[in-house]
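The structure file upload32.tsv is reproduced below (TSV, C-alpha atoms).
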chain	number	residue	atom	x	y	z
A	1273	MET	CA	-13.44	0.02	22.68
A	1274	LYS	CA	-12.74	-2.83	20.25
A	1275	SER	CA	-9.22	-3.42	19.04
A	1276	VAL	CA	-8.62	-2.43	15.42
A	1277	MET	CA	-5.82	-3.87	13.30
A	1278	LEU	CA	-5.22	-2.77	9.72
A	1279	TYR	CA	-3.03	-4.88	7.44
A	1280	ALA	CA	-2.01	-2.57	4.60
A	1281	LEU	CA	0.34	-2.09	1.67
A	1282	SER	CA	2.15	1.24	1.28
A	1283	THR	CA	1.08	1.34	-2.40
A	1284	CYS	CA	-2.64	0.67	-1.91
A	1285	PRO	CA	-5.05	3.67	-2.05
A	1286	PHE	CA	-7.90	1.85	-0.22
A	1287	CYS	CA	-5.42	1.13	2.61
A	1288	LYS	CA	-4.70	4.88	2.84
A	1289	MET	CA	-8.46	5.56	2.91
A	1290	ALA	CA	-8.83	3.09	5.79
A	1291	LYS	CA	-6.07	4.90	7.74
A	1292	ARG	CA	-7.78	8.24	7.08
A	1293	PHE	CA	-11.13	6.78	8.21
A	1294	PHE	CA	-9.77	5.81	11.64
A	1295	GLU	CA	-7.63	8.95	12.04
A	1296	SER	CA	-10.39	11.40	11.13
A	1297	ARG	CA	-12.65	9.80	13.76
A	1298	ASN	CA	-9.94	9.51	16.42
A	1299	ILE	CA	-10.41	5.75	16.53
A	1300	PRO	CA	-7.28	4.11	17.97
A	1301	TYR	CA	-5.90	1.51	15.56
A	1302	ASN	CA	-2.76	-0.43	14.85
A	1303	PHE	CA	-1.50	-0.90	11.33
A	1304	VAL	CA	1.31	-2.50	9.45
A	1305	ASP	CA	2.47	-1.75	5.90
A	1306	VAL	CA	3.25	-5.35	5.06
A	1307	ASP	CA	5.33	-4.60	1.95
A	1308	LEU	CA	7.75	-2.48	3.99
A	1309	LEU	CA	8.52	-5.22	6.56
A	1310	PRO	CA	11.83	-7.09	6.55
A	1311	GLU	CA	11.56	-10.25	4.43
A	1312	GLU	CA	11.11	-12.83	7.20
A	1313	GLU	CA	8.55	-10.76	9.08
A	1314	LYS	CA	6.77	-10.00	5.80
A	1315	GLU	CA	6.35	-13.72	5.03
A	1316	LYS	CA	4.95	-14.41	8.51
A	1317	THR	CA	2.53	-11.48	8.31
A	1318	VAL	CA	1.33	-12.38	4.80
A	1319	ALA	CA	0.75	-15.97	6.00
A	1320	GLU	CA	-1.35	-14.58	8.87
A	1321	VAL	CA	-3.32	-12.33	6.48
A	1322	GLN	CA	-3.95	-15.29	4.19
A	1323	ARG	CA	-5.07	-17.44	7.13
A	1324	ILE	CA	-7.63	-14.92	8.37
A	1325	SER	CA	-8.83	-13.53	5.02
A	1326	GLY	CA	-8.17	-16.31	2.51
A	1327	ARG	CA	-6.41	-13.82	0.25
A	1328	ARG	CA	-3.08	-12.12	-0.34
A	1329	ALA	CA	-4.74	-8.79	-1.17
A	1330	PHE	CA	-5.14	-5.66	0.95
A	1331	PRO	CA	-6.48	-3.96	3.03
A	1332	VAL	CA	-7.54	-6.51	5.62
A	1333	ILE	CA	-9.10	-4.96	8.72
A	1334	VAL	CA	-9.69	-6.85	11.95
A	1335	ILE	CA	-12.18	-5.22	14.34
A	1336	GLY	CA	-12.62	-7.27	17.49
A	1337	GLU	CA	-13.32	-10.74	16.13
A	1338	GLU	CA	-14.52	-9.56	12.72
A	1339	VAL	CA	-12.33	-9.71	9.62
A	1340	ILE	CA	-13.14	-7.26	6.82
A	1341	VAL	CA	-11.46	-7.93	3.49
A	1342	GLY	CA	-11.14	-4.79	1.36
A	1343	TYR	CA	-12.23	-1.27	2.24
A	1344	ASP	CA	-15.92	-1.41	3.13
A	1345	GLU	CA	-16.89	1.64	5.16
A	1346	LEU	CA	-20.35	0.33	6.02
A	1347	ARG	CA	-18.96	-2.93	7.40
A	1348	ILE	CA	-16.28	-1.04	9.35
A	1349	ARG	CA	-18.92	1.20	10.96
A	1350	GLU	CA	-21.11	-1.79	11.78
A	1351	ALA	CA	-18.22	-3.76	13.26
A	1352	LEU	CA	-17.24	-0.78	15.44
A	1353	GLU	CA	-20.80	-0.31	16.68
A	1354	LYS	CA	-21.56	-3.97	17.46
B	185	MET	CA	-2.84	-10.47	-45.77
B	186	THR	CA	-3.06	-13.51	-43.49
B	187	SER	CA	-4.36	-13.83	-39.96
B	188	GLU	CA	-1.87	-15.01	-37.40
B	189	ARG	CA	-2.10	-16.01	-33.75
B	190	MET	CA	0.07	-13.64	-31.74
B	191	LEU	CA	0.99	-13.86	-28.06
B	192	CYS	CA	0.55	-10.80	-25.87
B	193	PRO	CA	3.72	-10.45	-23.75
B	194	VAL	CA	1.71	-8.69	-21.01
B	195	CYS	CA	-1.28	-10.99	-20.36
B	196	GLN	CA	0.21	-14.07	-22.07
B	197	VAL	CA	-2.99	-14.66	-24.05
B	198	ALA	CA	-2.83	-15.43	-27.79
B	199	PHE	CA	-5.13	-13.55	-30.14
B	200	LEU	CA	-5.71	-13.49	-33.87
B	201	LEU	CA	-4.06	-10.55	-35.61
B	202	LYS	CA	-5.80	-9.82	-38.90
B	203	GLU	CA	-4.06	-6.56	-39.74
B	204	GLU	CA	-1.32	-6.17	-42.30
B	205	LYS	CA	2.06	-6.78	-40.69
B	206	VAL	CA	4.47	-3.88	-40.83
B	207	PRO	CA	7.54	-3.69	-38.59
B	208	GLY	CA	7.04	-1.17	-35.78
B	209	LYS	CA	3.26	-1.10	-36.18
B	210	ARG	CA	1.29	-0.45	-32.98
B	211	VAL	CA	-1.17	-3.17	-31.94
B	212	VAL	CA	-3.56	-3.13	-28.96
B	213	CYS	CA	-4.07	-6.46	-27.18
B	214	PRO	CA	-7.84	-7.10	-27.24
B	215	VAL	CA	-7.64	-8.93	-23.89
B	216	CYS	CA	-5.65	-6.58	-21.61
B	217	GLY	CA	-5.43	-3.37	-23.66
B	218	ALA	CA	-1.62	-3.34	-23.73
B	219	VAL	CA	-0.06	-1.26	-26.48
B	220	LEU	CA	2.42	-3.47	-28.33
B	221	THR	CA	4.86	-3.12	-31.17
B	222	LEU	CA	4.92	-5.58	-34.06
B	223	THR	CA	8.46	-6.80	-34.58
B	224	GLU	CA	10.11	-9.29	-36.91
B	225	GLU	CA	12.58	-11.53	-35.10
B	226	ASN	CA	14.40	-14.47	-36.73
B	227	GLY	CA	11.86	-14.61	-39.55
B	228	SER	CA	8.79	-14.61	-37.24
B	229	TRP	CA	6.42	-11.87	-36.20
B	230	VAL	CA	6.28	-11.18	-32.48
B	231	LEU	CA	4.71	-8.53	-30.27
B	232	ARG	CA	6.90	-6.59	-27.87
B	233	ARG	CA	6.20	-3.93	-25.29
B	234	PRO	CA	6.92	-0.50	-26.78
B	235	LYS	CA	10.41	0.84	-26.14
B	236	ASP	CA	9.53	4.37	-27.17
B	237	MET	CA	6.89	4.98	-24.50
B	238	SER	CA	7.57	6.20	-20.97
B	239	PRO	CA	6.32	3.88	-18.19
B	240	GLU	CA	3.61	6.41	-17.39
B	241	GLU	CA	2.46	6.63	-21.01
B	242	GLU	CA	2.48	2.84	-21.28
B	243	ILE	CA	0.34	2.15	-18.21
B	244	ARG	CA	-2.06	5.04	-18.83
B	245	THR	CA	-2.67	3.89	-22.40
B	246	ARG	CA	-3.07	0.26	-21.28
B	247	VAL	CA	-5.66	0.93	-18.57
B	248	GLU	CA	-7.58	3.36	-20.78
B	249	ASN	CA	-7.66	0.81	-23.62
B	250	PHE	CA	-8.78	-1.94	-21.21
B	251	ALA	CA	-11.58	0.25	-19.81
B	252	ARG	CA	-12.73	1.12	-23.32
B	253	LEU	CA	-12.66	-2.53	-24.46
B	254	ARG	CA	-14.77	-3.64	-21.46
B	255	GLY	CA	-16.98	-0.57	-21.07
B	256	TYR	CA	-15.59	0.24	-17.61
B	257	HIS	CA	-15.22	3.67	-16.03
B	258	PHE	CA	-12.71	5.50	-13.85
B	259	ASN	CA	-13.27	7.82	-10.91
B	260	GLU	CA	-11.14	9.96	-8.59
B	261	MET	CA	-9.14	6.88	-7.58
B	262	LYS	CA	-7.54	6.70	-11.02
B	263	GLU	CA	-4.67	9.15	-10.39
B	264	PRO	CA	-3.59	7.70	-7.00
B	265	LEU	CA	-3.64	4.25	-8.61
B	266	ILE	CA	-1.58	5.34	-11.63
B	267	GLU	CA	0.95	6.76	-9.15
B	268	ALA	CA	0.88	3.50	-7.18
B	269	LEU	CA	1.38	1.43	-10.34
B	270	LEU	CA	4.38	3.60	-11.26
B	271	LYS	CA	5.79	3.06	-7.76
B	272	LYS	CA	5.41	-0.71	-8.21
B	273	TYR	CA	7.16	-0.40	-11.61
B	274	GLU	CA	10.07	1.51	-10.03
B	275	ARG	CA	10.39	-0.91	-7.09
B	276	TYR	CA	9.68	-4.26	-8.72
B	277	GLY	CA	10.13	-3.76	-12.48
B	278	ASP	CA	6.55	-4.07	-13.72
B	279	PHE	CA	3.05	-2.69	-13.22
B	280	TYR	CA	2.01	-5.12	-10.50
B	281	CYS	CA	-1.29	-4.62	-8.69
B	282	PRO	CA	-0.75	-2.00	-5.92
B	283	CYS	CA	-3.13	-3.85	-3.55
B	284	LYS	CA	-1.59	-7.32	-3.81
B	285	ILE	CA	1.59	-8.47	-2.13
B	286	ASP	CA	2.75	-10.87	-4.85
B	287	ASN	CA	4.65	-9.27	-7.71
B	288	ILE	CA	3.96	-12.05	-10.20
B	289	PRO	CA	2.76	-12.08	-13.86
B	290	GLU	CA	-0.91	-12.77	-12.98
B	291	ASN	CA	-0.94	-9.58	-10.89
B	292	VAL	CA	0.27	-7.32	-13.70
B	293	CYS	CA	-2.40	-4.64	-14.26
B	294	PRO	CA	-5.07	-5.37	-15.44
B	295	CYS	CA	-4.63	-8.41	-13.17
B	296	LEU	CA	-5.93	-11.89	-13.95
B	297	GLU	CA	-9.02	-11.68	-11.71
B	298	THR	CA	-9.93	-8.38	-13.39
B	299	ARG	CA	-9.42	-9.87	-16.85
B	300	GLN	CA	-11.59	-12.79	-15.74
B	301	GLY	CA	-14.55	-10.56	-14.87
B	302	SER	CA	-14.26	-9.51	-11.21
B	303	VAL	CA	-15.55	-6.04	-12.17
B	304	GLU	CA	-18.76	-7.63	-13.51
B	305	ARG	CA	-19.21	-9.54	-10.25
B	306	ASN	CA	-18.19	-6.88	-7.73
B	307	GLY	CA	-18.86	-3.60	-9.51
B	308	ARG	CA	-15.17	-2.70	-9.41
B	309	CYS	CA	-11.74	-4.29	-9.47
B	310	HIS	CA	-10.10	-5.02	-6.11
B	311	CYS	CA	-8.07	-1.76	-6.18
B	312	GLY	CA	-10.90	0.48	-7.38
B	313	LEU	CA	-9.25	1.42	-10.68
B	314	PHE	CA	-11.91	-0.07	-12.99
B	315	TRP	CA	-15.61	0.46	-12.23
B	316	LYS	CA	-18.64	-1.01	-13.94
Show this structure as structure tokens.
Amino acid sequence: MKSVMLYALSTCPFCKMAKRFFESRNIPYNFVDVDLLPEEEKEKTVAEVQRISGRRAFPVIVIGEEVIVGYDELRIREALEK
Amino acid sequence: MTSERMLCPVCQVAFLLKEEKVPGKRVVCPVCGAVLTLTEENGSWVLRRPKDMSPEEEIRTRVENFARLRGYHFNEMKEPLIEALLKKYERYGDFYCPCKIDNIPENVCPCLETRQGSVERNGRCHCGLFWK
């Protein structure tokens, strides 16, 4: 099973949809609500998100080696099945 | 009646106001859809955000005006996003984009990339509030 990491914001509806997607299919995933992190950790995590996605917008989903920027169900399914 | 360039305090873009100037008159920014109040300050006309609207009324009117101006549509994501924008307002003092980490003027809804045509390019804005 590929590792799944979801970088999210607590205010972002597409991030909530991504969480629901993994939960409803019993797909194990890790997530972080970046806006709720303590300041120093938040800066580090945002820098990491920017490095892998080129943006400071959410959600960013990492499945195995693949980085998906935004909520794209088709790409998530494909990345999980690869 | 003279036309005058007026600055929108929400999107920071100047536009030509051709209407008669009356203190307290409501004006809609043709760029971002913000509802503004015409005010006379120190002998000059300026536009201010309305003090007599609740935050919810202000953001709902703004996004509805923006969608109408651009011919965009809403779907079932509208209500969760209005809630999220109100949460951002409570936490950070303005209607910053709920899907972006930076609470800065260019991310005030409708954000700069949306005002610059991202809906035309992608079919929707990043958050999914405005749809083509």
- If you measure from CA of Ile1335 (chain A) to CA of Ala1351 (chain A), what distance in Å do you get, rounded to one decimal? 6.3 Å
Kindly compute an axis-aligned box around the listed atoms of region 227-241 of chain B, allowing 3 Å on each side, and express its centre and edge lengths in Å to one decimal as AutoDock Vina command-line options.
--center_x 7.2 --center_y -4.0 --center_z -28.5 --size_x 15.4 --size_y 27.2 --size_z 28.2
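In this structure, the chain B residues at most 6 Å away from chain A are Ala268, Pro282, Cys283 and Lys284 of chain B, with all atoms listed in the file considered.
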- Message: Just checking: using all atoms listed in the file, which residue out of A:Glu1311, A:Asn1302, A:Phe1293, A:Asp1344 ends up closest to Leu1278 (chain A)?
- Response: A:Asn1302
- Item | All residues 12 Å or closer to Ser1275 (chain A), all atoms listed in the file, same chain fewer than 6 positions away omitted, as a list in words | Phe1294, Ile1299, Pro1300, Tyr1301, Asn1302, Phe1303, Ile1333, Val1334, Ile1335, Gly1336, Glu1337, Glu1338, Val1339, Ala1351 and Leu1352 of chain A
- Message: I'd like the contact shell of region 206-211 of chain B - 10 Å cut-off, only C-alpha atoms, skipping same-chain residues fewer than 6 positions apart - returned as a PyMOL selection string.
- Response: chain B and resi 192+217-225+229-234
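Close to (-5.0, -14.0, -31.2), meaning no more than 9 Å away when counting all atoms listed in the file, sit the residues Ser187, Glu188, Arg189, Met190, Leu191, Cys192, Val197, Ala198, Phe199, Leu200, Leu201, Lys202, Cys213 and Pro214 of chain B.
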- Extract, using only C-alpha atoms, all DNA, RNA and protein residues at most 12 Å from Arg252 (chain B), discarding same-chain residues fewer than 4 positions from it, and format them as a VMD selection string. chain B and resid 212 214 to 218 245 to 248 256 to 258 314 to 316
